[in-house]
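Worksheet: one structure, shown below.
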Amino acid sequence: MAQQTLEERTKALPRWLRDLVADWSSDQQTFKVNWGKAMMWIFIVSDIFVFGSFLSAYAAARLSATLPWPDPAKVFALHIGESEVPLLLIAIMTFVLISSSGTMAIAVKYGYERNRAKAALFLTLTALLGLAFLGMQAFEWTKLISEGFRPWANPLGAPQFGSSFFMITGFHGLHVTAGVIYLALIASQVLRGAYEKIGYQRVEIAGLYWHFVDLVWVFIFAFFYLF
Amino acid sequence: MSEKTHREHGGFWSRYIFSQDHKVIAVQYTITALLIGLFGLVLSWLLRLQLGFPGSFQFVNPGSYYQMLTQHGMIMIVYLLTAILLGGFGNYLIPLMIGARDMAFPFLNMLSYWVYLLSVIVLMAAFLVPGGPTGAGWTLYPPLSALPNAAPGSGWGIKLMLVSLVIFIAAATMGGLNYVTTVLQCRTKGMTLMRMPLSVWGIFIASVMALFAFPALFVGGVMLLFDNLLGTSFFIPAVTLLGQQLPREGGNPLLFQHLFWYFGHPEVYIVILPAMGIASDLISTHSRKPIFGYNAMVIAMAAIAFIGFIVWAHHMFVSGMNPYFGFFFAVSTLIIAIPSAVKVYNWLLTLWRGNIRLNVPMLFGIGWISTFIIGGLTGLPLGNVIADVPLHDTYFVVGHFHLVMGVAALMAIFGGIYHWFPKVTGRMFHETLGKLHFWVTFVGAYAIFFPMFLMGILGVPRRYFDFNVLQYLPPQTSALNIAITVAALTVGAAQLIFLGNLIWSALKGKRAEANPWGATTLEWQTPTTPPPHDNWGAEIPTVYRWAYDYSVPGAERDFIPQNVPQASLDVHLRQPAAGEGVRSRREPGANLGGDKI
Ligand code: HEM
Ligand SMILES: [Cu+2]
């Protein structure tokens, strides 16, 4: 009996399922993307587990703290003149970081169009927005520290507030710092024309990382500042 | 993307030390892991000497006992088993078995080894610092591991331990990304996922698990490090230590247990899945039969990996949790027994009426089945809350995990080392010494660990320095303890035979043929033995069949390598005689080349 081909056997399935089967049963490559991109995706999923563990640990620490948890609207307020504006700084920081995802996407587009100057320009812009975010974060940390917040203490109650705040925003800040360096490297490679031969996928791969770091911030923002 | 080509680079340093060749990295990983494992073994001798002959050895006091116990456990599970299975076997086997020239990212691969070595050095450094290594137990439960002066080594020791773990996680992540990407993206023509040898499947699934499980240990480790270094109170509730109220409060020690076991349970499968894969290949090759139920084997591994992530709190039944959670975790734990049993039946059915060659790798393959069954069965009572409450923290648990994780995994590792030794070194090992190693290890392991089930049922508690303080224990336990110690020292000595055999055979052993076992998988079809730097010479192989075409009726020899096309076989094929059943099964998804048998 002649063996049916894969296409014949999966004919009845819906299109997406058929493609899924075809991808996973193919030889050589499962995903039709280059190795670097596949690896970045896998790394991101793994890193999601790191941030997921951090945030769940934060939730558990907050639930079991015995001293009162400080009110984020108060802790993170900025004083402008006489009035106290809650969450002003953090709103700006979030806006800056999200905009940087926009500039990143533009850089990827110019990269694939082989417009080296513009791709490098937008990559640099993205990195600068990242730096601006880090600067504001440093400002916020300094402000909190001057008000007496420490990793091991918190004048307004539960010490776990300071501990988890510095730990998690610090860990995210490290990701942003690494991202800024990464983007700067990619930008210089683009300018040097290093990708003319091998293609501009590496810009997109850097973009994946950057979007991920931005997305994580949205969660940190929600868990620390809104609730 | 096209495959990478490697320049043959010269020079001793770039060839053997800072090599990016996956085969060299694999050997580096294996040797480092075996050496650190030997150290862990020596620690276990000292522990056993104290338990068998309490008080006779001055240098073992309660403090140093805990330190050695902690280091023994951590070294064996993380720095030996995990490293050798993923870093050693994973590195050697993945590219060769899927027909790639190297890992997807050779530089990252090299970095992974050096970072691993750094983590080992930091771990060892703890023996030289003031206070010595930590004695908080390999599970590192706070508050013991978080408070100053609570356990031995609570100054430098615990910090170095945590730093070393974080470094190890970085190394494992670099390795894991490489293994997963390589398996998914760098297979040769014709090598579909469902044609991969089970060794590759086991390593692949374990690597995926590692990428999802190590994050929890990383987070727990960082938080514990902060508790130690910065004086945070993540895990420290209000405590009074030695009559003094500490300035800590509001932490949650159970949180660490959750983070630890969210990693810890998947970790046991990170170790056991590659071992399962390796054992499958040993058993199939040396009984000259296709593995029984290949699809079921793959699905069972995937199911174990998936369920393995939702059973972690079975280690915490007595730590205190909502009874409904206990119920949930008991049920999920018992469900894992189903795919595990499927695998055991499949191994047995592979052996059934096989043309079994009782050589050294096969002996270890059979030893694997035996120890995995006994170890796994004793997991069932532990998975039931009601039975675990009295058994928890007794020697029953020690017997369980040593048999199922320690001995069983080592059986697969030893078998694998003997099996691939001819390919790695180009020489044969000494058969008689190998058999001696097997029998002493196999019988000795039961002599050590089987009595522990009995002791556990008698109520002998785990992690005790001296049992004489326990009035309720019958006096026979000390006789048992002496017997166990004698067996442990004997088994330990057998491992020295093993190491000696490896070293001697690598230098002086008889030259090996390219495919001494008559195996089908690609690593045995390389142009030279040991394989060249780029594995395949001018042309990478094309795969035409699954990995288990053993004893195909009508075929000229009792194995058909994966890279043999159908056309070249047809010449030799005779019609099966009437009544001769077709024993070989056809693999799924085989639409990629001549596959009619
Ligand atoms: C049917 C399969 C299994 C079941 C039902 C099972 C169940 C359990 C349970 C409930 C415990 C906790 C006992 C206690 O502390 O009171 C335990 C401990 C342990 N198991 Fe298993 N297990 C199984 C298979 C395995 C396998 C395959 C491995 C390793 C490859 C393994 C390794 C361990 C280890 C290392 C521990 C002890 C951890 C410690 O406390 O230090 N188990 N097992
Ligand atoms: Cu478990």
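Following the order of the structure tokens, chains are lettered A, B, ..., residues in each are numbered from 1, and ligands are numbered from 1.
What chain B places within 6 Å of chain A, counting only C-alpha atoms, is Met1, Thr181, Leu184, Gln185, Cys186, Arg187, Thr188, Lys189, Gly190, Met191, Thr192, Leu211, Phe212, Pro215, Ala216, Gly231, Thr232, Gly250 and Asn591 of chain B.
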Kindly work out which residues sit at most 6 Å from ligand 1, using only C-alpha atoms and all ligand atoms, and give the list as a PDB file with all heavy atoms, in the first residue's frame.
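This is the output file selection06.pdb:
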```pdb
ATOM      1  N   VAL B 268      14.512  17.172  39.118  1.00  0.00           N
ATOM      2  CA  VAL B 268      14.719  15.716  39.117  1.00  0.00           C
ATOM      3  C   VAL B 268      14.409  15.131  37.740  1.00  0.00           C
ATOM      4  O   VAL B 268      15.022  14.162  37.318  1.00  0.00           O
ATOM      5  CB  VAL B 268      13.914  14.983  40.224  1.00  0.00           C
ATOM      6  CG1 VAL B 268      14.154  15.592  41.572  1.00  0.00           C
ATOM      7  CG2 VAL B 268      12.444  14.898  39.914  1.00  0.00           C
ATOM      8  N   TYR B 269      13.485  15.759  37.026  1.00  0.00           N
ATOM      9  CA  TYR B 269      13.206  15.263  35.671  1.00  0.00           C
ATOM     10  C   TYR B 269      14.207  15.785  34.661  1.00  0.00           C
ATOM     11  O   TYR B 269      14.436  15.147  33.629  1.00  0.00           O
ATOM     12  CB  TYR B 269      11.770  15.581  35.277  1.00  0.00           C
ATOM     13  CG  TYR B 269      10.825  14.708  36.063  1.00  0.00           C
ATOM     14  CD1 TYR B 269      10.065  15.202  37.094  1.00  0.00           C
ATOM     15  CD2 TYR B 269      10.777  13.354  35.787  1.00  0.00           C
ATOM     16  CE1 TYR B 269       9.264  14.376  37.851  1.00  0.00           C
ATOM     17  CE2 TYR B 269       9.974  12.515  36.532  1.00  0.00           C
ATOM     18  CZ  TYR B 269       9.223  13.031  37.562  1.00  0.00           C
ATOM     19  OH  TYR B 269       8.435  12.207  38.305  1.00  0.00           O
ATOM     20  N   VAL B 271      17.185  15.753  35.222  1.00  0.00           N
ATOM     21  CA  VAL B 271      18.200  14.718  35.302  1.00  0.00           C
ATOM     22  C   VAL B 271      17.696  13.402  34.699  1.00  0.00           C
ATOM     23  O   VAL B 271      18.425  12.712  33.999  1.00  0.00           O
ATOM     24  CB  VAL B 271      18.617  14.525  36.772  1.00  0.00           C
ATOM     25  CG1 VAL B 271      19.435  13.265  36.932  1.00  0.00           C
ATOM     26  CG2 VAL B 271      19.396  15.724  37.244  1.00  0.00           C
ATOM     27  N   ILE B 272      16.440  13.076  34.963  1.00  0.00           N
ATOM     28  CA  ILE B 272      16.017  11.732  34.613  1.00  0.00           C
ATOM     29  C   ILE B 272      15.619  11.596  33.150  1.00  0.00           C
ATOM     30  O   ILE B 272      15.761  10.524  32.557  1.00  0.00           O
ATOM     31  CB  ILE B 272      14.885  11.255  35.558  1.00  0.00           C
ATOM     32  CG1 ILE B 272      15.114   9.801  35.926  1.00  0.00           C
ATOM     33  CG2 ILE B 272      13.526  11.421  34.967  1.00  0.00           C
ATOM     34  CD1 ILE B 272      16.340   9.552  36.718  1.00  0.00           C
ATOM     35  N   HIS B 314       4.517  18.485  46.548  1.00  0.00           N
ATOM     36  CA  HIS B 314       4.532  17.205  47.264  1.00  0.00           C
ATOM     37  C   HIS B 314       5.769  17.097  48.165  1.00  0.00           C
ATOM     38  O   HIS B 314       5.853  16.189  48.973  1.00  0.00           O
ATOM     39  CB  HIS B 314       4.408  16.004  46.312  1.00  0.00           C
ATOM     40  CG  HIS B 314       5.540  15.820  45.358  1.00  0.00           C
ATOM     41  ND1 HIS B 314       5.392  15.232  44.144  1.00  0.00           N
ATOM     42  CD2 HIS B 314       6.859  16.147  45.418  1.00  0.00           C
ATOM     43  CE1 HIS B 314       6.533  15.191  43.504  1.00  0.00           C
ATOM     44  NE2 HIS B 314       7.441  15.743  44.261  1.00  0.00           N
ATOM     45  N   HIS B 315       6.709  18.022  47.999  1.00  0.00           N
ATOM     46  CA  HIS B 315       7.839  18.055  48.923  1.00  0.00           C
ATOM     47  C   HIS B 315       7.500  18.842  50.186  1.00  0.00           C
ATOM     48  O   HIS B 315       8.318  18.951  51.082  1.00  0.00           O
ATOM     49  CB  HIS B 315       9.058  18.685  48.254  1.00  0.00           C
ATOM     50  CG  HIS B 315       9.551  17.880  47.090  1.00  0.00           C
ATOM     51  ND1 HIS B 315      10.436  16.850  47.230  1.00  0.00           N
ATOM     52  CD2 HIS B 315       9.252  17.934  45.768  1.00  0.00           C
ATOM     53  CE1 HIS B 315      10.683  16.315  46.038  1.00  0.00           C
ATOM     54  NE2 HIS B 315       9.964  16.946  45.144  1.00  0.00           N
ATOM     55  N   THR B 333       0.840  14.258  41.431  1.00  0.00           N
ATOM     56  CA  THR B 333       2.026  13.422  41.620  1.00  0.00           C
ATOM     57  C   THR B 333       1.757  11.989  41.202  1.00  0.00           C
ATOM     58  O   THR B 333       2.566  11.350  40.531  1.00  0.00           O
ATOM     59  CB  THR B 333       2.442  13.450  43.097  1.00  0.00           C
ATOM     60  OG1 THR B 333       2.710  14.792  43.469  1.00  0.00           O
ATOM     61  CG2 THR B 333       3.678  12.609  43.328  1.00  0.00           C
ATOM     62  N   LEU B 334       0.596  11.482  41.573  1.00  0.00           N
ATOM     63  CA  LEU B 334       0.325  10.094  41.234  1.00  0.00           C
ATOM     64  C   LEU B 334       0.070   9.939  39.742  1.00  0.00           C
ATOM     65  O   LEU B 334       0.375   8.900  39.149  1.00  0.00           O
ATOM     66  CB  LEU B 334      -0.846   9.576  42.066  1.00  0.00           C
ATOM     67  CG  LEU B 334      -0.520   9.609  43.575  1.00  0.00           C
ATOM     68  CD1 LEU B 334      -1.684   9.098  44.392  1.00  0.00           C
ATOM     69  CD2 LEU B 334       0.732   8.803  43.878  1.00  0.00           C
ATOM     70  N   ILE B 336       1.694  11.363  37.425  1.00  0.00           N
ATOM     71  CA  ILE B 336       3.001  11.245  36.757  1.00  0.00           C
ATOM     72  C   ILE B 336       3.447   9.800  36.693  1.00  0.00           C
ATOM     73  O   ILE B 336       4.224   9.419  35.809  1.00  0.00           O
ATOM     74  CB  ILE B 336       4.056  12.089  37.517  1.00  0.00           C
ATOM     75  CG1 ILE B 336       4.101  13.468  36.900  1.00  0.00           C
ATOM     76  CG2 ILE B 336       5.419  11.472  37.432  1.00  0.00           C
ATOM     77  CD1 ILE B 336       5.424  14.134  36.984  1.00  0.00           C
ATOM     78  N   ALA B 337       2.959   8.978  37.600  1.00  0.00           N
ATOM     79  CA  ALA B 337       3.376   7.582  37.571  1.00  0.00           C
ATOM     80  C   ALA B 337       2.925   6.898  36.285  1.00  0.00           C
ATOM     81  O   ALA B 337       3.553   5.931  35.845  1.00  0.00           O
ATOM     82  CB  ALA B 337       2.820   6.854  38.784  1.00  0.00           C
ATOM     83  N   GLY B 376      11.060   4.376  41.678  1.00  0.00           N
ATOM     84  CA  GLY B 376       9.806   5.017  41.307  1.00  0.00           C
ATOM     85  C   GLY B 376       8.641   4.504  42.137  1.00  0.00           C
ATOM     86  O   GLY B 376       7.794   5.271  42.584  1.00  0.00           O
ATOM     87  N   GLY B 379       8.199   6.067  45.309  1.00  0.00           N
ATOM     88  CA  GLY B 379       7.697   7.439  45.261  1.00  0.00           C
ATOM     89  C   GLY B 379       6.200   7.492  45.492  1.00  0.00           C
ATOM     90  O   GLY B 379       5.671   8.502  45.952  1.00  0.00           O
ATOM     91  N   LEU B 380       5.507   6.398  45.160  1.00  0.00           N
ATOM     92  CA  LEU B 380       4.051   6.441  45.264  1.00  0.00           C
ATOM     93  C   LEU B 380       3.571   6.666  46.698  1.00  0.00           C
ATOM     94  O   LEU B 380       2.745   7.541  46.934  1.00  0.00           O
ATOM     95  CB  LEU B 380       3.445   5.179  44.658  1.00  0.00           C
ATOM     96  CG  LEU B 380       3.720   5.034  43.157  1.00  0.00           C
ATOM     97  CD1 LEU B 380       3.141   3.745  42.621  1.00  0.00           C
ATOM     98  CD2 LEU B 380       3.145   6.214  42.401  1.00  0.00           C
ATOM     99  N   LEU B 382       5.142   8.097  48.987  1.00  0.00           N
ATOM    100  CA  LEU B 382       5.526   9.461  49.367  1.00  0.00           C
ATOM    101  C   LEU B 382       4.611  10.500  48.732  1.00  0.00           C
ATOM    102  O   LEU B 382       4.454  11.603  49.247  1.00  0.00           O
ATOM    103  CB  LEU B 382       6.971   9.732  48.954  1.00  0.00           C
ATOM    104  CG  LEU B 382       8.022   8.877  49.649  1.00  0.00           C
ATOM    105  CD1 LEU B 382       9.409   9.217  49.116  1.00  0.00           C
ATOM    106  CD2 LEU B 382       7.975   9.128  51.146  1.00  0.00           C
ATOM    107  N   GLY B 383       4.016  10.132  47.600  1.00  0.00           N
ATOM    108  CA  GLY B 383       3.147  11.082  46.940  1.00  0.00           C
ATOM    109  C   GLY B 383       1.775  11.184  47.578  1.00  0.00           C
ATOM    110  O   GLY B 383       1.029  12.118  47.298  1.00  0.00           O
ATOM    111  N   ASP B 388       2.855  10.089  53.443  1.00  0.00           N
ATOM    112  CA  ASP B 388       4.066  10.905  53.501  1.00  0.00           C
ATOM    113  C   ASP B 388       4.256  11.542  54.870  1.00  0.00           C
ATOM    114  O   ASP B 388       5.386  11.785  55.281  1.00  0.00           O
ATOM    115  CB  ASP B 388       4.008  11.997  52.435  1.00  0.00           C
ATOM    116  CG  ASP B 388       5.300  12.801  52.396  1.00  0.00           C
ATOM    117  OD1 ASP B 388       6.365  12.176  52.232  1.00  0.00           O
ATOM    118  OD2 ASP B 388       5.249  14.026  52.558  1.00  0.00           O
ATOM    119  N   HIS B 392       7.904  11.314  55.734  1.00  0.00           N
ATOM    120  CA  HIS B 392       8.686  12.499  55.397  1.00  0.00           C
ATOM    121  C   HIS B 392       9.833  12.679  56.384  1.00  0.00           C
ATOM    122  O   HIS B 392       9.691  12.447  57.572  1.00  0.00           O
ATOM    123  CB  HIS B 392       7.784  13.729  55.438  1.00  0.00           C
ATOM    124  CG  HIS B 392       8.535  14.997  55.182  1.00  0.00           C
ATOM    125  ND1 HIS B 392       8.960  15.355  53.918  1.00  0.00           N
ATOM    126  CD2 HIS B 392       8.948  15.961  56.010  1.00  0.00           C
ATOM    127  CE1 HIS B 392       9.614  16.501  54.001  1.00  0.00           C
ATOM    128  NE2 HIS B 392       9.625  16.893  55.252  1.00  0.00           N
ATOM    129  N   ASP B 393      10.972  13.117  55.842  1.00  0.00           N
ATOM    130  CA  ASP B 393      12.145  13.367  56.674  1.00  0.00           C
ATOM    131  C   ASP B 393      12.646  12.119  57.407  1.00  0.00           C
ATOM    132  O   ASP B 393      13.258  12.214  58.465  1.00  0.00           O
ATOM    133  CB  ASP B 393      11.901  14.503  57.681  1.00  0.00           C
ATOM    134  CG  ASP B 393      12.538  15.785  57.179  1.00  0.00           C
ATOM    135  OD1 ASP B 393      13.373  15.691  56.250  1.00  0.00           O
ATOM    136  OD2 ASP B 393      12.215  16.859  57.699  1.00  0.00           O
ATOM    137  N   VAL B 397      12.729   8.468  52.498  1.00  0.00           N
ATOM    138  CA  VAL B 397      12.909   9.453  51.439  1.00  0.00           C
ATOM    139  C   VAL B 397      14.331   9.379  50.889  1.00  0.00           C
ATOM    140  O   VAL B 397      14.558   9.457  49.679  1.00  0.00           O
ATOM    141  CB  VAL B 397      12.579  10.864  51.969  1.00  0.00           C
ATOM    142  CG1 VAL B 397      12.851  11.898  50.899  1.00  0.00           C
ATOM    143  CG2 VAL B 397      11.140  10.942  52.426  1.00  0.00           C
ATOM    144  N   PHE B 401      15.003   8.716  46.868  1.00  0.00           N
ATOM    145  CA  PHE B 401      15.599   9.577  45.841  1.00  0.00           C
ATOM    146  C   PHE B 401      16.993   9.126  45.462  1.00  0.00           C
ATOM    147  O   PHE B 401      17.421   9.362  44.336  1.00  0.00           O
ATOM    148  CB  PHE B 401      15.518  11.061  46.203  1.00  0.00           C
ATOM    149  CG  PHE B 401      16.395  11.561  47.308  1.00  0.00           C
ATOM    150  CD1 PHE B 401      17.746  11.732  47.114  1.00  0.00           C
ATOM    151  CD2 PHE B 401      15.846  11.927  48.522  1.00  0.00           C
ATOM    152  CE1 PHE B 401      18.536  12.225  48.121  1.00  0.00           C
ATOM    153  CE2 PHE B 401      16.634  12.416  49.532  1.00  0.00           C
ATOM    154  CZ  PHE B 401      17.982  12.566  49.335  1.00  0.00           C
ATOM    155  N   VAL B 404      16.170   6.387  42.760  1.00  0.00           N
ATOM    156  CA  VAL B 404      15.544   6.802  41.510  1.00  0.00           C
ATOM    157  C   VAL B 404      16.345   7.900  40.820  1.00  0.00           C
ATOM    158  O   VAL B 404      16.421   7.961  39.598  1.00  0.00           O
ATOM    159  CB  VAL B 404      14.086   7.226  41.739  1.00  0.00           C
ATOM    160  CG1 VAL B 404      13.995   8.586  42.355  1.00  0.00           C
ATOM    161  CG2 VAL B 404      13.297   7.178  40.467  1.00  0.00           C
ATOM    162  N   MET B 405      16.931   8.749  41.585  1.00  0.00           N
ATOM    163  CA  MET B 405      17.638   9.860  40.953  1.00  0.00           C
ATOM    164  C   MET B 405      19.136   9.609  40.938  1.00  0.00           C
ATOM    165  O   MET B 405      19.809   9.832  39.935  1.00  0.00           O
ATOM    166  CB  MET B 405      17.351  11.148  41.697  1.00  0.00           C
ATOM    167  CG  MET B 405      18.016  12.338  41.057  1.00  0.00           C
ATOM    168  SD  MET B 405      17.526  13.818  41.887  1.00  0.00           S
ATOM    169  CE  MET B 405      17.971  15.024  40.665  1.00  0.00           C
TER     170      MET B 405
END
```
Do you know which residues are at most 8 Å from Met68 of chain B counting only C-alpha atoms, after dropping those on the same chain fewer than 3 positions away, and could you put them as a VMD selection string? chain B and resid 43 to 44 47 64 to 65 71 to 72 135
Point-to-point distance in Å for atom CA of Trp69 of chain A and atom CA of Glu249 of chain B: 13.3 Å
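One finds atom CA of His22 of chain B at 25.2 Å from atom CA of Val564 of chain B.
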Asn355 of chain B environment, 10 Å, only C-alpha atoms, sequence neighbours closer than 2 positions dropped, as a ChimeraX atom specification: /B:284-289,351-353,357-358,551
With all heavy atoms retained, could you export that selection as a tab-separated table (two decimals), in the first residue's frame?
```
chain	number	residue	atom	x	y	z
B	284	SER	N	17.76	-0.59	23.29
B	284	SER	CA	17.40	-0.97	21.93
B	284	SER	C	18.61	-1.48	21.15
B	284	SER	O	18.56	-2.55	20.53
B	284	SER	CB	16.77	0.22	21.23
B	284	SER	OG	16.60	-0.04	19.88
B	285	THR	N	19.72	-0.75	21.23
B	285	THR	CA	20.90	-1.15	20.44
B	285	THR	C	21.40	-2.52	20.86
B	285	THR	O	21.69	-3.36	20.01
B	285	THR	CB	22.03	-0.14	20.64
B	285	THR	OG1	21.53	1.17	20.35
B	285	THR	CG2	23.21	-0.44	19.74
B	286	HIS	N	21.48	-2.74	22.17
B	286	HIS	CA	22.13	-3.97	22.60
B	286	HIS	C	21.18	-5.14	22.74
B	286	HIS	O	21.58	-6.23	23.09
B	286	HIS	CB	22.90	-3.73	23.90
B	286	HIS	CG	23.99	-2.71	23.71
B	286	HIS	ND1	25.13	-2.97	23.01
B	286	HIS	CD2	24.07	-1.41	24.08
B	286	HIS	CE1	25.89	-1.89	22.98
B	286	HIS	NE2	25.26	-0.93	23.61
B	287	SER	N	19.87	-4.92	22.47
B	287	SER	CA	19.03	-6.10	22.34
B	287	SER	C	18.64	-6.26	20.88
B	287	SER	O	17.78	-7.09	20.57
B	287	SER	CB	17.80	-6.02	23.25
B	287	SER	OG	17.10	-4.86	23.00
B	288	ARG	N	19.26	-5.48	19.99
B	288	ARG	CA	19.06	-5.60	18.55
B	288	ARG	C	17.59	-5.57	18.17
B	288	ARG	O	17.14	-6.32	17.31
B	288	ARG	CB	19.70	-6.91	18.01
B	288	ARG	CG	21.04	-7.27	18.55
B	288	ARG	CD	22.03	-6.16	18.45
B	288	ARG	NE	22.36	-5.80	17.07
B	288	ARG	CZ	22.90	-4.62	16.73
B	288	ARG	NH1	23.13	-3.71	17.64
B	288	ARG	NH2	23.18	-4.35	15.49
B	289	LYS	N	16.84	-4.73	18.85
B	289	LYS	CA	15.42	-4.63	18.53
B	289	LYS	C	15.03	-3.16	18.49
B	289	LYS	O	15.56	-2.36	19.25
B	289	LYS	CB	14.59	-5.33	19.61
B	289	LYS	CG	14.23	-6.75	19.27
B	289	LYS	CD	13.28	-7.31	20.30
B	289	LYS	CE	11.94	-6.62	20.25
B	289	LYS	NZ	11.07	-7.06	21.35
B	351	LEU	N	13.14	-5.43	25.49
B	351	LEU	CA	14.01	-6.56	25.82
B	351	LEU	C	13.39	-7.90	25.43
B	351	LEU	O	14.09	-8.84	25.07
B	351	LEU	CB	14.27	-6.59	27.33
B	351	LEU	CG	15.16	-5.50	27.90
B	351	LEU	CD1	15.20	-5.61	29.41
B	351	LEU	CD2	16.56	-5.62	27.34
B	352	TRP	N	12.07	-7.94	25.50
B	352	TRP	CA	11.32	-9.18	25.31
B	352	TRP	C	11.72	-9.85	24.00
B	352	TRP	O	11.58	-9.30	22.93
B	352	TRP	CB	9.83	-8.85	25.31
B	352	TRP	CG	8.91	-9.99	25.03
B	352	TRP	CD1	8.19	-10.20	23.90
B	352	TRP	CD2	8.58	-11.05	25.93
B	352	TRP	NE1	7.44	-11.32	24.02
B	352	TRP	CE2	7.65	-11.87	25.25
B	352	TRP	CE3	8.98	-11.38	27.23
B	352	TRP	CZ2	7.13	-13.01	25.84
B	352	TRP	CZ3	8.46	-12.51	27.80
B	352	TRP	CH2	7.54	-13.32	27.10
B	353	ARG	N	12.26	-11.06	24.07
B	353	ARG	CA	12.68	-11.84	22.92
B	353	ARG	C	13.68	-11.11	22.03
B	353	ARG	O	13.77	-11.36	20.84
B	353	ARG	CB	11.48	-12.28	22.09
B	353	ARG	CG	10.56	-13.17	22.92
B	353	ARG	CD	9.32	-13.57	22.19
B	353	ARG	NE	9.60	-14.39	21.03
B	353	ARG	CZ	8.67	-14.72	20.15
B	353	ARG	NH1	7.45	-14.30	20.30
B	353	ARG	NH2	8.98	-15.47	19.13
B	357	ARG	N	22.60	-8.72	24.03
B	357	ARG	CA	24.05	-8.85	24.22
B	357	ARG	C	24.39	-8.29	25.59
B	357	ARG	O	24.27	-7.10	25.81
B	357	ARG	CB	24.79	-8.04	23.16
B	357	ARG	CG	24.51	-8.54	21.77
B	357	ARG	CD	25.22	-7.67	20.79
B	357	ARG	NE	25.00	-8.16	19.44
B	357	ARG	CZ	25.36	-7.48	18.36
B	357	ARG	NH1	25.93	-6.30	18.49
B	357	ARG	NH2	25.14	-7.97	17.17
B	358	LEU	N	24.82	-9.15	26.47
B	358	LEU	CA	25.05	-8.69	27.84
B	358	LEU	C	26.43	-8.06	27.97
B	358	LEU	O	27.25	-8.49	28.77
B	358	LEU	CB	24.91	-9.86	28.81
B	358	LEU	CG	23.48	-10.12	29.29
B	358	LEU	CD1	23.47	-11.20	30.35
B	358	LEU	CD2	22.85	-8.85	29.85
B	551	SER	N	17.30	-5.48	13.26
B	551	SER	CA	16.72	-6.78	12.91
B	551	SER	C	15.55	-6.64	11.95
B	551	SER	O	14.50	-7.24	12.16
B	551	SER	CB	16.26	-7.53	14.17
B	551	SER	OG	17.32	-7.65	15.07
```
